[in-house]
2 protein chains.
Amino acid sequence: MRAAGSARPSGRRGGESDTRGDIASAARRQFAELGFDRTSMRQVAREAGVDPALVSHFYGSKLGLFAETAQLPIDPVVVLPQVLAGPRDQVGLRLARLVVDVLTDEEGRSRVVALVRAAASEPAAAHVLRDRLTHDLLLPLAQSVGGPDPEYRAALVMAQVVGLTFARHVVALAPLASATPDDLVASLAPILQAHLVGHP
Amino acid sequence: MRAAGSARPSGRRGGESDTRGDIASAARRQFAELGFDRTSMRQVAREAGVDPALVSHFYGSKLGLFAETAQLPIDPVVVLPQVLAGPRDQVGLRLARLVVDVLTDEEGRSRVVALVRAAASEPAAAHVLRDRLTHDLLLPLAQSVGGPDPEYRAALVMAQVVGLTFARHVVALAPLASATPDDLVASLAPILQAHLVGHP
């Protein structure tokens, strides 16, 4: 979007797509850091260097801004075949690796944390989390892996992923915050495997 | 505290302990329902039928009110020996039963949900969650069960418990919200067992 290596001036810019992108970046950062309730469209506008009226023009309300910017940091259409490719007895391992990779990446973590934080206080944001994470990714995964009651199994996976995000990045429990990605994958993989495929 | 069967008038009451208790009840209910940010000391005072100045007098700030009212619905000193009593290969089952029982009880659920919701947006509330749930209950449990790295294992248990609370009662994922307590215990027990004692 932005030319590589260009300096990033604060203040207004011309192109509409750049402006939307700047607003979205500022919104994602503030939702992640402050939570839904304490993020304001005015502060987002200030950080993006645009007039607050432009934020309303593009996104309508704060919830509209959240719903549009709080997309999953991964595309289910892309990652679903990747998680499914390979031995069925390692699907939990591949999903664990995907989850930990997303949470290790700063941009990915910021988006997931924003979703989880907002969902805690805003029913409409909980709806986004439910639809995006569960319906678009985890349910098709549980269905493809096969077995009874995919809705229930997808929900258990979702509980585990959200719980890890919450404990590690919101509550910041020290042993989880400082664990290596490999340790987390090793802890998470057998749980996700059991939820997706069943206990051995 | 209140005489059994007595009618519950709205409006002021005399005894200080009753007044504190009424404020605490109103606060717990509003924190659970509205989240930390949208709960106000004024509204808590109104529901409790007292002057807002009394709420400040007893609790100082909203965070003070939260920290004092957001105690765990169980007493670690009481439940820890109960979870530890019995075969070591069923400690996960006993903890799963305790967690599901607390979340099935309306008052217990309301307190835990309030904690989780507030922790999502309020660092000081996350601190309460960390200290109360992890330090007072899960860490001593992981230490008593034995094995390496109890801090890490307690943190994994905490992630699972918070994830279940979040997915079932905050995001309200349908298959978890409608699951029977026995189903949830069956799903949760092997995970908690693996975190506490290690994989078989």
# chains A, B, ... in the order shown; residues from 1 in each chain; ligands from 1
>>> select_by_dssp(residues="chain A", states="alpha helix (DSSP H)", output="PyMOL selection string")
chain A and resi 16-38+41-48+52-59+62-69+76-84+91-104+106-121+123-129+139-145+150-165+174-177+181-197
>>> calpha_fit_and_write(fixed="chain A", moving="chain B", output="PDB file with C-alpha atoms, in the first residue's frame")
ATOM      1  CA  MET B   1       0.051  -0.074   0.205  1.00  0.00           C
ATOM      2  CA  ARG B   2       2.559   2.528   1.283  1.00  0.00           C
ATOM      3  CA  ALA B   3       5.705   2.823  -0.839  1.00  0.00           C
ATOM      4  CA  ALA B   4       8.472   0.860   0.826  1.00  0.00           C
ATOM      5  CA  GLY B   5      10.944   3.037   2.659  1.00  0.00           C
ATOM      6  CA  SER B   6       8.888   6.197   2.410  1.00  0.00           C
ATOM      7  CA  ALA B   7       8.950   8.428   5.456  1.00  0.00           C
ATOM      8  CA  ARG B   8       5.696   8.472   7.391  1.00  0.00           C
ATOM      9  CA  PRO B   9       4.603  12.073   7.853  1.00  0.00           C
ATOM     10  CA  SER B  10       1.915  12.826  10.383  1.00  0.00           C
ATOM     11  CA  GLY B  11      -0.874  14.963   9.026  1.00  0.00           C
ATOM     12  CA  ARG B  12      -3.295  14.500   6.174  1.00  0.00           C
ATOM     13  CA  ARG B  13      -2.621  12.514   3.077  1.00  0.00           C
ATOM     14  CA  GLY B  14      -4.413  12.540  -0.215  1.00  0.00           C
ATOM     15  CA  GLY B  15      -5.366   9.059  -1.416  1.00  0.00           C
ATOM     16  CA  GLU B  16      -8.589   7.602  -0.052  1.00  0.00           C
ATOM     17  CA  SER B  17      -7.222   4.062   0.224  1.00  0.00           C
ATOM     18  CA  ASP B  18      -4.208   5.282   2.178  1.00  0.00           C
ATOM     19  CA  THR B  19      -6.455   7.280   4.472  1.00  0.00           C
ATOM     20  CA  ARG B  20      -8.717   4.303   5.119  1.00  0.00           C
ATOM     21  CA  GLY B  21      -5.651   2.174   5.757  1.00  0.00           C
ATOM     22  CA  ASP B  22      -4.207   4.702   8.190  1.00  0.00           C
ATOM     23  CA  ILE B  23      -7.492   4.895  10.079  1.00  0.00           C
ATOM     24  CA  ALA B  24      -7.696   1.106  10.193  1.00  0.00           C
ATOM     25  CA  SER B  25      -4.117   0.792  11.488  1.00  0.00           C
ATOM     26  CA  ALA B  26      -4.696   3.382  14.191  1.00  0.00           C
ATOM     27  CA  ALA B  27      -7.979   1.735  15.148  1.00  0.00           C
ATOM     28  CA  ARG B  28      -6.447  -1.728  15.411  1.00  0.00           C
ATOM     29  CA  ARG B  29      -3.630  -0.429  17.566  1.00  0.00           C
ATOM     30  CA  GLN B  30      -5.927   1.485  19.917  1.00  0.00           C
ATOM     31  CA  PHE B  31      -8.506  -1.295  20.211  1.00  0.00           C
ATOM     32  CA  ALA B  32      -5.693  -3.691  21.147  1.00  0.00           C
ATOM     33  CA  GLU B  33      -4.083  -1.352  23.640  1.00  0.00           C
ATOM     34  CA  LEU B  34      -7.049   0.395  25.246  1.00  0.00           C
ATOM     35  CA  GLY B  35      -9.878  -2.052  24.718  1.00  0.00           C
ATOM     36  CA  PHE B  36     -13.153  -1.287  22.994  1.00  0.00           C
ATOM     37  CA  ASP B  37     -14.700   1.038  25.571  1.00  0.00           C
ATOM     38  CA  ARG B  38     -11.762   3.378  25.944  1.00  0.00           C
ATOM     39  CA  THR B  39     -10.976   3.673  22.262  1.00  0.00           C
ATOM     40  CA  SER B  40     -12.549   6.785  20.751  1.00  0.00           C
ATOM     41  CA  MET B  41     -13.097   7.679  17.123  1.00  0.00           C
ATOM     42  CA  ARG B  42     -11.616  11.090  17.869  1.00  0.00           C
ATOM     43  CA  GLN B  43      -8.343   9.598  19.130  1.00  0.00           C
ATOM     44  CA  VAL B  44      -8.201   7.203  16.197  1.00  0.00           C
ATOM     45  CA  ALA B  45      -8.638  10.160  13.851  1.00  0.00           C
ATOM     46  CA  ARG B  46      -5.884  12.062  15.629  1.00  0.00           C
ATOM     47  CA  GLU B  47      -3.420   9.179  15.357  1.00  0.00           C
ATOM     48  CA  ALA B  48      -4.291   8.671  11.697  1.00  0.00           C
ATOM     49  CA  GLY B  49      -3.876  12.399  11.049  1.00  0.00           C
ATOM     50  CA  VAL B  50      -7.360  12.871   9.624  1.00  0.00           C
ATOM     51  CA  ASP B  51     -10.494  14.771  10.523  1.00  0.00           C
ATOM     52  CA  PRO B  52     -12.840  12.811  12.859  1.00  0.00           C
ATOM     53  CA  ALA B  53     -15.655  13.369  10.360  1.00  0.00           C
ATOM     54  CA  LEU B  54     -13.747  11.198   7.889  1.00  0.00           C
ATOM     55  CA  VAL B  55     -13.713   8.296  10.339  1.00  0.00           C
ATOM     56  CA  SER B  56     -17.489   8.558  10.661  1.00  0.00           C
ATOM     57  CA  HIS B  57     -17.813   8.914   6.908  1.00  0.00           C
ATOM     58  CA  PHE B  58     -15.881   5.694   6.243  1.00  0.00           C
ATOM     59  CA  TYR B  59     -17.000   3.532   9.174  1.00  0.00           C
ATOM     60  CA  GLY B  60     -20.221   4.966  10.616  1.00  0.00           C
ATOM     61  CA  SER B  61     -19.880   4.125  14.284  1.00  0.00           C
ATOM     62  CA  LYS B  62     -17.161   2.905  16.602  1.00  0.00           C
ATOM     63  CA  LEU B  63     -18.627  -0.561  16.374  1.00  0.00           C
ATOM     64  CA  GLY B  64     -18.570  -0.333  12.596  1.00  0.00           C
ATOM     65  CA  LEU B  65     -14.931   0.688  12.806  1.00  0.00           C
ATOM     66  CA  PHE B  66     -14.208  -2.255  15.063  1.00  0.00           C
ATOM     67  CA  ALA B  67     -16.142  -4.784  13.020  1.00  0.00           C
ATOM     68  CA  GLU B  68     -14.381  -3.725   9.813  1.00  0.00           C
ATOM     69  CA  THR B  69     -10.894  -3.553  11.245  1.00  0.00           C
ATOM     70  CA  ALA B  70     -11.098  -6.601  13.498  1.00  0.00           C
ATOM     71  CA  GLN B  71     -10.610  -9.183  10.842  1.00  0.00           C
ATOM     72  CA  LEU B  72      -8.670 -12.300  11.642  1.00  0.00           C
ATOM     73  CA  PRO B  73      -4.973 -11.864  10.898  1.00  0.00           C
ATOM     74  CA  ILE B  74      -5.187 -15.007   8.767  1.00  0.00           C
ATOM     75  CA  ASP B  75      -7.381 -15.882   5.815  1.00  0.00           C
ATOM     76  CA  PRO B  76      -9.388 -19.057   6.537  1.00  0.00           C
ATOM     77  CA  VAL B  77      -9.458 -19.884   2.825  1.00  0.00           C
ATOM     78  CA  VAL B  78      -5.661 -19.973   2.820  1.00  0.00           C
ATOM     79  CA  VAL B  79      -4.875 -21.602   6.164  1.00  0.00           C
ATOM     80  CA  LEU B  80      -7.626 -24.218   6.295  1.00  0.00           C
ATOM     81  CA  PRO B  81      -6.052 -26.416   3.566  1.00  0.00           C
ATOM     82  CA  GLN B  82      -2.645 -25.973   5.225  1.00  0.00           C
ATOM     83  CA  VAL B  83      -3.913 -27.218   8.590  1.00  0.00           C
ATOM     84  CA  LEU B  84      -5.715 -30.106   6.912  1.00  0.00           C
ATOM     85  CA  ALA B  85      -2.744 -31.159   4.751  1.00  0.00           C
ATOM     86  CA  GLY B  86      -0.795 -33.982   6.378  1.00  0.00           C
ATOM     87  CA  PRO B  87      -1.472 -36.857   8.759  1.00  0.00           C
ATOM     88  CA  ARG B  88      -4.776 -36.663  10.620  1.00  0.00           C
ATOM     89  CA  ASP B  89      -3.070 -37.563  13.900  1.00  0.00           C
ATOM     90  CA  GLN B  90      -1.066 -34.316  13.675  1.00  0.00           C
ATOM     91  CA  VAL B  91      -3.856 -31.888  12.810  1.00  0.00           C
ATOM     92  CA  GLY B  92      -3.779 -30.605  16.403  1.00  0.00           C
ATOM     93  CA  LEU B  93      -0.064 -29.955  16.099  1.00  0.00           C
ATOM     94  CA  ARG B  94      -0.501 -28.015  12.859  1.00  0.00           C
ATOM     95  CA  LEU B  95      -3.310 -25.914  14.334  1.00  0.00           C
ATOM     96  CA  ALA B  96      -1.284 -25.292  17.508  1.00  0.00           C
ATOM     97  CA  ARG B  97       1.638 -24.090  15.370  1.00  0.00           C
ATOM     98  CA  LEU B  98      -0.656 -21.759  13.429  1.00  0.00           C
ATOM     99  CA  VAL B  99      -2.174 -20.294  16.603  1.00  0.00           C
ATOM    100  CA  VAL B 100       1.193 -19.766  18.284  1.00  0.00           C
ATOM    101  CA  ASP B 101       2.694 -18.277  15.104  1.00  0.00           C
ATOM    102  CA  VAL B 102      -0.154 -15.767  14.880  1.00  0.00           C
ATOM    103  CA  LEU B 103       0.222 -14.825  18.555  1.00  0.00           C
ATOM    104  CA  THR B 104       4.001 -14.518  18.214  1.00  0.00           C
ATOM    105  CA  ASP B 105       3.721 -12.079  15.308  1.00  0.00           C
ATOM    106  CA  GLU B 106       3.170  -8.564  16.663  1.00  0.00           C
ATOM    107  CA  GLU B 107       0.533  -7.550  14.134  1.00  0.00           C
ATOM    108  CA  GLY B 108      -1.298 -10.872  14.455  1.00  0.00           C
ATOM    109  CA  ARG B 109      -1.279 -10.706  18.230  1.00  0.00           C
ATOM    110  CA  SER B 110      -2.532  -7.137  18.215  1.00  0.00           C
ATOM    111  CA  ARG B 111      -5.548  -8.107  16.119  1.00  0.00           C
ATOM    112  CA  VAL B 112      -6.476 -11.183  18.123  1.00  0.00           C
ATOM    113  CA  VAL B 113      -6.047  -9.400  21.443  1.00  0.00           C
ATOM    114  CA  ALA B 114      -8.238  -6.549  20.185  1.00  0.00           C
ATOM    115  CA  LEU B 115     -10.949  -9.046  19.284  1.00  0.00           C
ATOM    116  CA  VAL B 116     -10.812 -10.806  22.639  1.00  0.00           C
ATOM    117  CA  ARG B 117     -10.707  -7.562  24.646  1.00  0.00           C
ATOM    118  CA  ALA B 118     -13.637  -6.031  22.807  1.00  0.00           C
ATOM    119  CA  ALA B 119     -15.664  -9.224  22.992  1.00  0.00           C
ATOM    120  CA  ALA B 120     -15.401  -9.086  26.778  1.00  0.00           C
ATOM    121  CA  SER B 121     -17.477  -5.936  27.044  1.00  0.00           C
ATOM    122  CA  GLU B 122     -19.320  -5.600  23.747  1.00  0.00           C
ATOM    123  CA  PRO B 123     -21.906  -8.179  22.637  1.00  0.00           C
ATOM    124  CA  ALA B 124     -21.623  -7.091  19.006  1.00  0.00           C
ATOM    125  CA  ALA B 125     -17.877  -7.615  19.161  1.00  0.00           C
ATOM    126  CA  ALA B 126     -18.428 -11.052  20.669  1.00  0.00           C
ATOM    127  CA  HIS B 127     -20.543 -11.697  17.604  1.00  0.00           C
ATOM    128  CA  VAL B 128     -17.592 -10.798  15.366  1.00  0.00           C
ATOM    129  CA  LEU B 129     -15.335 -13.145  17.296  1.00  0.00           C
ATOM    130  CA  ARG B 130     -17.919 -15.912  17.069  1.00  0.00           C
ATOM    131  CA  ASP B 131     -18.435 -15.494  13.339  1.00  0.00           C
ATOM    132  CA  ARG B 132     -14.881 -14.913  12.256  1.00  0.00           C
ATOM    133  CA  LEU B 133     -12.928 -17.335  14.376  1.00  0.00           C
ATOM    134  CA  THR B 134     -15.454 -20.070  14.942  1.00  0.00           C
ATOM    135  CA  HIS B 135     -17.701 -20.044  11.914  1.00  0.00           C
ATOM    136  CA  ASP B 136     -15.114 -19.206   9.237  1.00  0.00           C
ATOM    137  CA  LEU B 137     -12.229 -21.308  10.496  1.00  0.00           C
ATOM    138  CA  LEU B 138     -12.757 -23.705  13.389  1.00  0.00           C
ATOM    139  CA  LEU B 139     -16.110 -25.156  12.397  1.00  0.00           C
ATOM    140  CA  PRO B 140     -15.046 -25.998   8.812  1.00  0.00           C
ATOM    141  CA  LEU B 141     -11.902 -27.494  10.294  1.00  0.00           C
ATOM    142  CA  ALA B 142     -13.816 -29.687  12.751  1.00  0.00           C
ATOM    143  CA  GLN B 143     -16.184 -30.698   9.951  1.00  0.00           C
ATOM    144  CA  SER B 144     -13.356 -31.616   7.577  1.00  0.00           C
ATOM    145  CA  VAL B 145     -11.545 -33.679  10.195  1.00  0.00           C
ATOM    146  CA  GLY B 146     -14.759 -35.626  10.674  1.00  0.00           C
ATOM    147  CA  GLY B 147     -16.424 -37.162  13.691  1.00  0.00           C
ATOM    148  CA  PRO B 148     -19.574 -36.386  15.652  1.00  0.00           C
ATOM    149  CA  ASP B 149     -20.756 -32.968  16.806  1.00  0.00           C
ATOM    150  CA  PRO B 150     -18.357 -30.615  14.972  1.00  0.00           C
ATOM    151  CA  GLU B 151     -20.042 -27.538  16.479  1.00  0.00           C
ATOM    152  CA  TYR B 152     -19.205 -28.693  20.001  1.00  0.00           C
ATOM    153  CA  ARG B 153     -15.628 -29.626  19.071  1.00  0.00           C
ATOM    154  CA  ALA B 154     -15.067 -26.292  17.301  1.00  0.00           C
ATOM    155  CA  ALA B 155     -16.372 -24.482  20.382  1.00  0.00           C
ATOM    156  CA  LEU B 156     -13.938 -26.347  22.640  1.00  0.00           C
ATOM    157  CA  VAL B 157     -11.054 -25.391  20.340  1.00  0.00           C
ATOM    158  CA  MET B 158     -12.202 -21.784  20.379  1.00  0.00           C
ATOM    159  CA  ALA B 159     -12.323 -21.843  24.205  1.00  0.00           C
ATOM    160  CA  GLN B 160      -8.738 -23.070  24.294  1.00  0.00           C
ATOM    161  CA  VAL B 161      -7.424 -20.524  21.789  1.00  0.00           C
ATOM    162  CA  VAL B 162      -9.200 -17.629  23.480  1.00  0.00           C
ATOM    163  CA  GLY B 163      -8.073 -18.859  26.901  1.00  0.00           C
ATOM    164  CA  LEU B 164      -4.444 -18.940  25.820  1.00  0.00           C
ATOM    165  CA  THR B 165      -4.716 -15.455  24.299  1.00  0.00           C
ATOM    166  CA  PHE B 166      -6.365 -14.137  27.423  1.00  0.00           C
ATOM    167  CA  ALA B 167      -4.021 -15.728  29.941  1.00  0.00           C
ATOM    168  CA  ARG B 168      -0.856 -14.940  27.994  1.00  0.00           C
ATOM    169  CA  HIS B 169      -1.533 -11.513  26.528  1.00  0.00           C
ATOM    170  CA  VAL B 170      -4.321  -9.900  28.541  1.00  0.00           C
ATOM    171  CA  VAL B 171      -3.754 -11.154  32.084  1.00  0.00           C
ATOM    172  CA  ALA B 172      -0.059 -11.621  31.181  1.00  0.00           C
ATOM    173  CA  LEU B 173       0.567 -14.659  33.353  1.00  0.00           C
ATOM    174  CA  ALA B 174       4.333 -14.728  33.620  1.00  0.00           C
ATOM    175  CA  PRO B 175       5.040 -18.401  32.788  1.00  0.00           C
ATOM    176  CA  LEU B 176       2.902 -18.200  29.638  1.00  0.00           C
ATOM    177  CA  ALA B 177       4.188 -14.782  28.627  1.00  0.00           C
ATOM    178  CA  SER B 178       7.785 -15.992  28.827  1.00  0.00           C
ATOM    179  CA  ALA B 179       7.262 -19.499  27.430  1.00  0.00           C
ATOM    180  CA  THR B 180       8.944 -20.203  24.092  1.00  0.00           C
ATOM    181  CA  PRO B 181       6.701 -20.718  21.058  1.00  0.00           C
ATOM    182  CA  ASP B 182       7.861 -24.354  20.911  1.00  0.00           C
ATOM    183  CA  ASP B 183       6.845 -24.975  24.535  1.00  0.00           C
ATOM    184  CA  LEU B 184       3.423 -23.502  23.866  1.00  0.00           C
ATOM    185  CA  VAL B 185       2.956 -25.565  20.726  1.00  0.00           C
ATOM    186  CA  ALA B 186       3.901 -28.693  22.681  1.00  0.00           C
ATOM    187  CA  SER B 187       1.371 -27.866  25.423  1.00  0.00           C
ATOM    188  CA  LEU B 188      -1.396 -26.868  23.037  1.00  0.00           C
ATOM    189  CA  ALA B 189      -1.077 -29.579  20.362  1.00  0.00           C
ATOM    190  CA  PRO B 190      -2.435 -32.592  22.324  1.00  0.00           C
ATOM    191  CA  ILE B 191      -5.408 -30.560  23.574  1.00  0.00           C
ATOM    192  CA  LEU B 192      -6.378 -29.349  20.116  1.00  0.00           C
ATOM    193  CA  GLN B 193      -5.830 -32.852  18.746  1.00  0.00           C
ATOM    194  CA  ALA B 194      -8.146 -34.301  21.407  1.00  0.00           C
ATOM    195  CA  HIS B 195     -10.819 -31.680  20.700  1.00  0.00           C
ATOM    196  CA  LEU B 196     -10.628 -32.084  16.930  1.00  0.00           C
ATOM    197  CA  VAL B 197     -10.216 -35.827  16.562  1.00  0.00           C
ATOM    198  CA  GLY B 198     -11.076 -37.263  19.971  1.00  0.00           C
ATOM    199  CA  HIS B 199      -8.990 -38.827  22.683  1.00  0.00           C
ATOM    200  CA  PRO B 200      -6.669 -41.648  21.662  1.00  0.00           C
TER     201      PRO B 200
END
